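To start, the structure itself, in structure tokens.
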Amino acid sequence: MKRSGFTMIELIFVIVILGILAAVAIPKLAATRDDAQASKVATNAKTMVSEIAAYATAQGIVPIGDANMTLASNTYVENKNSGYMGTATTDGNISVLDKIGGIACLMIDVNNTAISTVHGDQNSTICDAVRAIVPEGQVSVAGTSVVR
């Protein structure tokens with residue numbers, strides 16, 4: 001009588017191959033998730049700069065300090081609540097942070113004439129994405145020009 005089916009060796013080979021595929025695929029999926037989070041933070045920082053300039057133009061005042069920044073930018077509130085944004089100080093500085101390392105990737109300086117963005121020199125996935133998406137330079141508050 002002949003039996004049909006897989007031998008133990010064949011089953012072990014299949015299990016080993018599946019294990020190798022899983023070992024390769026899982027880190028790639030985790031890296032994709034990290035890249036997506038980094039892009040989200042960087043895009044939110046760029047959007048926040050635009051929101052601040054639009055608020056200053058529409059209201060005639062520059063939003064300085066945490067309470068005013070909360071009114072000016074929903075993106076500021078979102079990033080602050082998720083831990084990727086430092087609190088807006090009364091002298092107009094805001095830090096975009098890498099939540100894992102707690103390091104400043106970008107400093108946003110808001111004053112009466114311009115919104116300046118300055119990159120930090122830290123290296124991380126979040127900081128690299130912020131540097132790639134948010135250019136260093138100034139955006140005029142009055143909305144008349146962009147200075148780079």
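Quick note on naming: the chains in the structure tokens go A, B, ... in the order shown, residues restart at 1 in each chain, and ligands are numbered from 1 in order of appearance.
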
Exercise. Hey, what's within 7 Å of range 105-111 of chain A if we count only C-alpha atoms and toss same-chain stuff fewer than 5 positions away? As a PyMOL selection string, please?
Worked result: chain A and resi 62+64+92-98+116-120+122+127+130

Exercise. Please, what distance in Å, to one decimal, runs between CA of Ser73 in chain A and CA of Ser39 in chain A?
Worked result: 18.5 Å

For this session: List every residue of range 1-145 of chain A that DSSP, applied to the backbone of this structure, places in alpha helix (DSSP H), and write the result as a VMD selection string.
Result: chain A and resid 8 to 59 66 to 72 74 to 82 125 to 133

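Take the candidates A:Asn81, A:Val134, A:Gly5, A:Asp91 and check each one against Gly65 in chain A using only C-alpha atoms; the shortest distance goes to A:Asp91.
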
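If you measure from each of A:Asn68, A:Thr57, A:Asn123, A:Asn79 to Thr43 in chain A using only C-alpha atoms, the closest one turns out to be A:Asn79.
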
Problem set entry | strand (DSSP E) residues, from DSSP on the backbone, in range 41-143 of chain A, as a ChimeraX atom specification | /A:93-98,103-110,114-119,137-140

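Those residues that approach Val41 in chain A to within 9 Å, counting only C-alpha atoms, are A:Ala36, A:Gln37, A:Ala38, A:Asn44, A:Ala45, A:Lys46, A:Asn79, A:Tyr84, A:Met85, A:Val96, A:Leu97, A:Ile126, A:Ala129, A:Val130; same-chain residues fewer than 3 positions away are not listed.
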
May I have the residues from that selection written out with N, CA and C atoms, as a CSV table (one decimal), in the first residue's frame?
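The file below, selection_36.csv, is the result:
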chain,number,residue,atom,x,y,z
A,36,ALA,N,7.1,56.4,7.0
A,36,ALA,CA,5.8,57.1,6.9
A,36,ALA,C,5.6,58.1,8.0
A,37,GLN,N,6.0,57.7,9.2
A,37,GLN,CA,5.9,58.6,10.4
A,37,GLN,C,6.8,59.8,10.2
A,38,ALA,N,8.0,59.6,9.7
A,38,ALA,CA,8.9,60.7,9.5
A,38,ALA,C,8.4,61.6,8.4
A,44,ASN,N,3.9,67.9,8.2
A,44,ASN,CA,3.2,68.7,9.2
A,44,ASN,C,4.0,70.0,9.6
A,45,ALA,N,5.3,69.9,9.7
A,45,ALA,CA,6.2,71.0,10.0
A,45,ALA,C,6.1,72.1,8.9
A,46,LYS,N,6.2,71.6,7.6
A,46,LYS,CA,6.1,72.5,6.5
A,46,LYS,C,4.7,73.2,6.4
A,79,ASN,N,1.0,67.9,16.1
A,79,ASN,CA,2.4,67.5,16.4
A,79,ASN,C,2.8,67.5,17.9
A,84,TYR,N,6.0,65.2,18.8
A,84,TYR,CA,7.0,65.6,17.8
A,84,TYR,C,7.2,67.1,17.7
A,85,MET,N,6.6,67.9,18.6
A,85,MET,CA,6.7,69.3,18.6
A,85,MET,C,6.9,69.8,20.0
A,96,VAL,N,10.9,71.2,16.3
A,96,VAL,CA,10.4,70.0,15.7
A,96,VAL,C,11.3,68.9,16.2
A,97,LEU,N,10.8,67.9,16.9
A,97,LEU,CA,11.6,66.9,17.6
A,97,LEU,C,11.5,65.5,17.0
A,126,ILE,N,13.6,60.7,11.4
A,126,ILE,CA,12.7,61.8,11.5
A,126,ILE,C,13.5,63.1,11.0
A,129,ALA,N,14.1,63.2,7.2
A,129,ALA,CA,12.9,63.5,6.5
A,129,ALA,C,12.6,65.0,6.6
A,130,VAL,N,12.7,65.6,7.8
A,130,VAL,CA,12.5,67.0,8.0
A,130,VAL,C,13.4,67.8,7.1

For this session: Between CA of Ala67 in chain A and CA of Lys80 in chain A, measure the distance and give it in Å to one decimal.
Result: 12.4 Å

Exercise. With only C-alpha atoms as the atoms that count, which of A:Thr75, A:Ala56, A:Thr70, A:Ile20 lies nearest to Ala88 in chain A?
Worked result: A:Thr70
